[in-house]
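Reviewing the structure listed below.
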Amino acid sequence: MEEEKLVTLAVHTNKKAQILKDFLEEKGIEVHIDSINGKSLTDVTPGVRVRVMEQDLAHALALVESVHLFSYNKEETYRVDDGKPRILVPVDFSDYSLNACRVAFNIAKLRDAKVKIFNAYYNPYYPVDLPFADILYGSDEEEKKEATNIIDKVKSKMQELVSEIGKRVESGDFPSVNYSYSFREGVAEEEIAEYARQYKPRLIVMGTKGADDQSDNMLGSVTAEVIEMTNVATLAIPKDSLLRDPLAIRHIAFSTNFSQRDLITFDTLYQFAKPYGKDLRITLLHVNILDKKGAKWSEENVQKILTYIKEHYPELNIGYKQIDTDNENMYSEIGQFITDEHVEVVTVNTRRRNAFTRLFVPSVSRKILARSKAALLVLREN
């Protein structure tokens, strides 16, 4: 058998890989498993590749999804799980989705986590509770044909993505981490939010459209909806973002009103930032709306809070920036600051996310963020 005809379906622990192998072989699909580090297979092997013939990939993915083989709603899943933190990456098979996968894989490598790549597709011809592989229902032949075309397209796109990620892992462009795929039929933001509740990821990583992207891919304003509908930290990466490797981040802007809730959330950012030490610059960014009564902070109050933060987080490189603006110019001035100061990630907390998620809707606000090439990290309070 020629090596190039095998594609990686998933990278699991050995126990999960054996379960997947047995399941697929019962369905008549030939499966090969091997260790990603070249060592012998054991229950503690950190990564086991589950590979199938390329022509069997779409069928294998559909079979796994039809029974939700490793659903985290099932108690037995936890008995064969490795217990690693989970990262969810919703994709629509676009270039910016691939970039989101790259960032997620690098974060997973850095944090010893695993990645689930997820696609939600919409089929207007059949109810969403029909299994992926069951496409023979219905009476109208034209509807059946259209439904089949939609599902075939999803299969094809997923197969292309699986193959592309496999190539990038082999070439070293993506690090080798545990990963697998999943998909559901339904409205994108609803299915992503529901899957997040089941999968319980530590982080959601999503690509977003560029400012001038007029394609009909699902991600873009969906990102803002997912941020609103979930209680999971979310990293949203614009299409043209320079963010590729989390180890290369050098400047983060933390949006704050210096409330107690902001300070609590900052501690979450600290857990992320402390391995970088002084190499990572963190700017506490306060947007002061001039026409809003009581919004302006006195210099004395600012200095007290800065002193508090610097005393509690002495190993971090922390600065402060206040932008005095009005509602009309707020986003342009924020965008200018991001560009001028080479900010790679803008961080906000749960309470203040509404103002910033407007950057993702099809408007001037979203274009500012897209052109600035900064990612948005929405943190949640623990």
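The chains in the structure tokens are called A, B, ... from first to last as shown; in each chain the residues are counted from 1, and the ligands are counted from 1 in the order shown.
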
Sort by chain and increasing residue number a table of all residues of stretch 149-228 of chain A within 9 Å of stretch 11-33 of chain A, each with its closest pair of atoms and their distance in Å to one decimal, counting only C-alpha atoms, and write it as a Markdown table.
| residue | atom | partner | partner_atom | distance |
| --- | --- | --- | --- | --- |
| A:Ser176 | CA | A:Val11 | CA | 8.8 |
| A:Val177 | CA | A:Val11 | CA | 7.2 |
| A:Asn178 | CA | A:Val11 | CA | 4.6 |
| A:Tyr179 | CA | A:Val11 | CA | 5.1 |
| A:Ser180 | CA | A:Val11 | CA | 6.3 |

Requested write-out: C-alpha atoms of the selected residues, as a compact mmCIF listing (two decimals), in the first residue's frame:
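That gives us again.txt:
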# COMPACT_ATOMS: atom_id res chain seq x y z
CA SER A 176 1.96 17.57 15.95
CA VAL A 177 -0.86 17.53 18.52
CA ASN A 178 -3.87 15.37 19.30
CA TYR A 179 -6.73 16.40 17.03
CA SER A 180 -9.95 15.13 15.48

May I have a table of the residues of stretch 74-95 of chain A lying at most 10 Å from stretch 234-237 of chain A, giving each one's closest pair of atoms and their distance in Å to one decimal, counting only C-alpha atoms, ordered by chain and ascending residue number, as a tab-separated table?
residue	atom	partner	partner_atom	distance
A:Ile87	CA	A:Thr234	CA	9.8
A:Leu88	CA	A:Thr234	CA	9.4
A:Val89	CA	A:Leu235	CA	9.7

Here is a test: counting only C-alpha atoms, which residue of A:Pro85, A:Gly186, A:Pro175, A:Pro90 is nearest to A:Thr208?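 Closest to A:Thr208, using only C-alpha atoms: A:Pro90.
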
Excluding same-chain residues fewer than 4 positions from A:Tyr276, what lies within 9 Å of it counting only C-alpha atoms, as JSON, numbers by chain? {"A": [247, 249, 250, 272, 280, 316]}

Selection to disk with N, CA and C atoms, as a PDB file, in the first residue's frame:
ATOM      1  N   LEU A 247       3.701  31.924  20.537  1.00  0.00           N
ATOM      2  CA  LEU A 247       5.002  32.221  21.150  1.00  0.00           C
ATOM      3  C   LEU A 247       5.588  33.531  20.630  1.00  0.00           C
ATOM      4  N   ILE A 249       3.872  36.351  20.106  1.00  0.00           N
ATOM      5  CA  ILE A 249       3.118  37.535  20.540  1.00  0.00           C
ATOM      6  C   ILE A 249       4.019  38.431  21.388  1.00  0.00           C
ATOM      7  N   ARG A 250       4.000  39.724  21.082  1.00  0.00           N
ATOM      8  CA  ARG A 250       4.837  40.675  21.825  1.00  0.00           C
ATOM      9  C   ARG A 250       4.054  41.825  22.446  1.00  0.00           C
ATOM     10  N   PHE A 272      -2.006  33.284  31.237  1.00  0.00           N
ATOM     11  CA  PHE A 272      -1.538  33.126  29.863  1.00  0.00           C
ATOM     12  C   PHE A 272      -0.192  33.807  29.648  1.00  0.00           C
ATOM     13  N   LEU A 280       6.815  40.091  26.868  1.00  0.00           N
ATOM     14  CA  LEU A 280       5.465  40.413  26.423  1.00  0.00           C
ATOM     15  C   LEU A 280       5.017  41.727  27.045  1.00  0.00           C
ATOM     16  N   LEU A 316       5.515  40.902  34.993  1.00  0.00           N
ATOM     17  CA  LEU A 316       4.956  41.316  33.709  1.00  0.00           C
ATOM     18  C   LEU A 316       5.395  42.737  33.343  1.00  0.00           C
TER      19      LEU A 316
END

* To do: Find the residues around stretch 188-204 of chain A up to 8 Å (only C-alpha atoms counted), leave out those fewer than 2 positions away in its own chain, and share them as a PyMOL selection string.
  => chain A and resi 71-73+85-90+118+120-122+184-186+206+218+222-223+225-226+229-230+232-235

Exercise. For A:His68, which of A:Phe105, A:Phe254, A:Tyr181, A:Tyr320 is the closest residue, counting only C-alpha atoms?
Worked result: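 Among the listed residues, the smallest separation from A:His68 belongs to A:Tyr181.
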
Taking 4 positions as the minimum chain separation for residues in the same chain, which residues sit within 12 Å of A:Lys167 when counting only C-alpha atoms? Answer as an mmCIF file with N, CA and C atoms, in the first residue's frame.
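Result file follows (selection-v3.cif):
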data_model
loop_
_atom_site.group_PDB
_atom_site.id
_atom_site.type_symbol
_atom_site.label_atom_id
_atom_site.label_comp_id
_atom_site.auth_asym_id
_atom_site.auth_seq_id
_atom_site.Cartn_x
_atom_site.Cartn_y
_atom_site.Cartn_z
ATOM 1 N N GLU A 4 1.264 7.542 0.436
ATOM 2 C CA GLU A 4 0.568 8.787 0.140
ATOM 3 C C GLU A 4 -0.941 8.609 0.039
ATOM 4 N N LEU A 6 -2.727 7.127 2.300
ATOM 5 C CA LEU A 6 -3.269 7.135 3.656
ATOM 6 C C LEU A 6 -3.373 8.571 4.157
ATOM 7 N N VAL A 7 -4.499 8.900 4.794
ATOM 8 C CA VAL A 7 -4.678 10.232 5.377
ATOM 9 C C VAL A 7 -5.062 10.074 6.849
ATOM 10 N N THR A 8 -4.680 11.053 7.644
ATOM 11 C CA THR A 8 -4.938 10.991 9.083
ATOM 12 C C THR A 8 -6.368 11.419 9.380
ATOM 13 N N GLU A 160 -10.727 17.696 1.984
ATOM 14 C CA GLU A 160 -9.646 18.584 1.582
ATOM 15 C C GLU A 160 -8.934 19.170 2.798
ATOM 16 N N LEU A 161 -9.710 19.575 3.817
ATOM 17 C CA LEU A 161 -9.112 20.155 5.017
ATOM 18 C C LEU A 161 -8.287 19.125 5.776
ATOM 19 N N VAL A 162 -8.830 17.924 5.921
ATOM 20 C CA VAL A 162 -8.092 16.853 6.592
ATOM 21 C C VAL A 162 -6.756 16.610 5.892
ATOM 22 N N SER A 163 -6.792 16.522 4.576
ATOM 23 C CA SER A 163 -5.569 16.266 3.819
ATOM 24 C C SER A 163 -4.573 17.414 3.960
ATOM 25 N N SER A 171 4.952 18.409 7.233
ATOM 26 C CA SER A 171 6.008 19.338 6.814
ATOM 27 C C SER A 171 6.568 20.154 7.973
ATOM 28 N N GLY A 172 5.866 20.136 9.123
ATOM 29 C CA GLY A 172 6.313 20.915 10.270
ATOM 30 C C GLY A 172 5.701 22.302 10.336
ATOM 31 N N ASP A 173 4.852 22.662 9.370
ATOM 32 C CA ASP A 173 4.170 23.962 9.399
ATOM 33 C C ASP A 173 3.186 24.019 10.568
ATOM 34 N N PHE A 174 2.529 22.902 10.846
ATOM 35 C CA PHE A 174 1.696 22.744 12.027
ATOM 36 C C PHE A 174 2.426 21.814 12.993
ATOM 37 N N PRO A 175 2.386 22.095 14.313
ATOM 38 C CA PRO A 175 2.967 21.149 15.259
ATOM 39 C C PRO A 175 2.105 19.892 15.361
ATOM 40 N N SER A 176 2.690 18.826 15.801
ATOM 41 C CA SER A 176 1.963 17.568 15.949
ATOM 42 C C SER A 176 1.274 17.547 17.305
#

Correct to one decimal, the distance atom CA of A:Asn288-atom CA of A:Ile323 is 5.8 Å

Write down as a PDB file with C-alpha atoms, in the first residue's frame the residues of stretch 162-227 of chain A whose backbone DSSP state falls under strand (DSSP E or B).
ATOM      1  CA  TYR A 179      -6.735  16.403  17.031  1.00  0.00           C
ATOM      2  CA  SER A 180      -9.947  15.131  15.482  1.00  0.00           C
ATOM      3  CA  TYR A 181     -12.935  16.366  13.485  1.00  0.00           C
ATOM      4  CA  SER A 182     -16.649  16.754  13.990  1.00  0.00           C
ATOM      5  CA  PHE A 183     -19.572  18.287  12.159  1.00  0.00           C
ATOM      6  CA  ARG A 184     -23.265  18.920  12.695  1.00  0.00           C
ATOM      7  CA  GLU A 185     -26.189  19.999  10.571  1.00  0.00           C
ATOM      8  CA  LEU A 203     -10.814  27.859  24.395  1.00  0.00           C
ATOM      9  CA  ILE A 204     -12.635  28.496  21.114  1.00  0.00           C
ATOM     10  CA  VAL A 205     -10.495  29.704  18.202  1.00  0.00           C
ATOM     11  CA  MET A 206     -12.305  31.177  15.187  1.00  0.00           C
ATOM     12  CA  GLY A 207     -11.189  32.813  11.990  1.00  0.00           C
ATOM     13  CA  THR A 208     -13.113  35.860  10.781  1.00  0.00           C
TER      14      THR A 208
END

A straight line from atom CA of A:Leu243 to atom CA of A:Met158 spans 23.9 Å
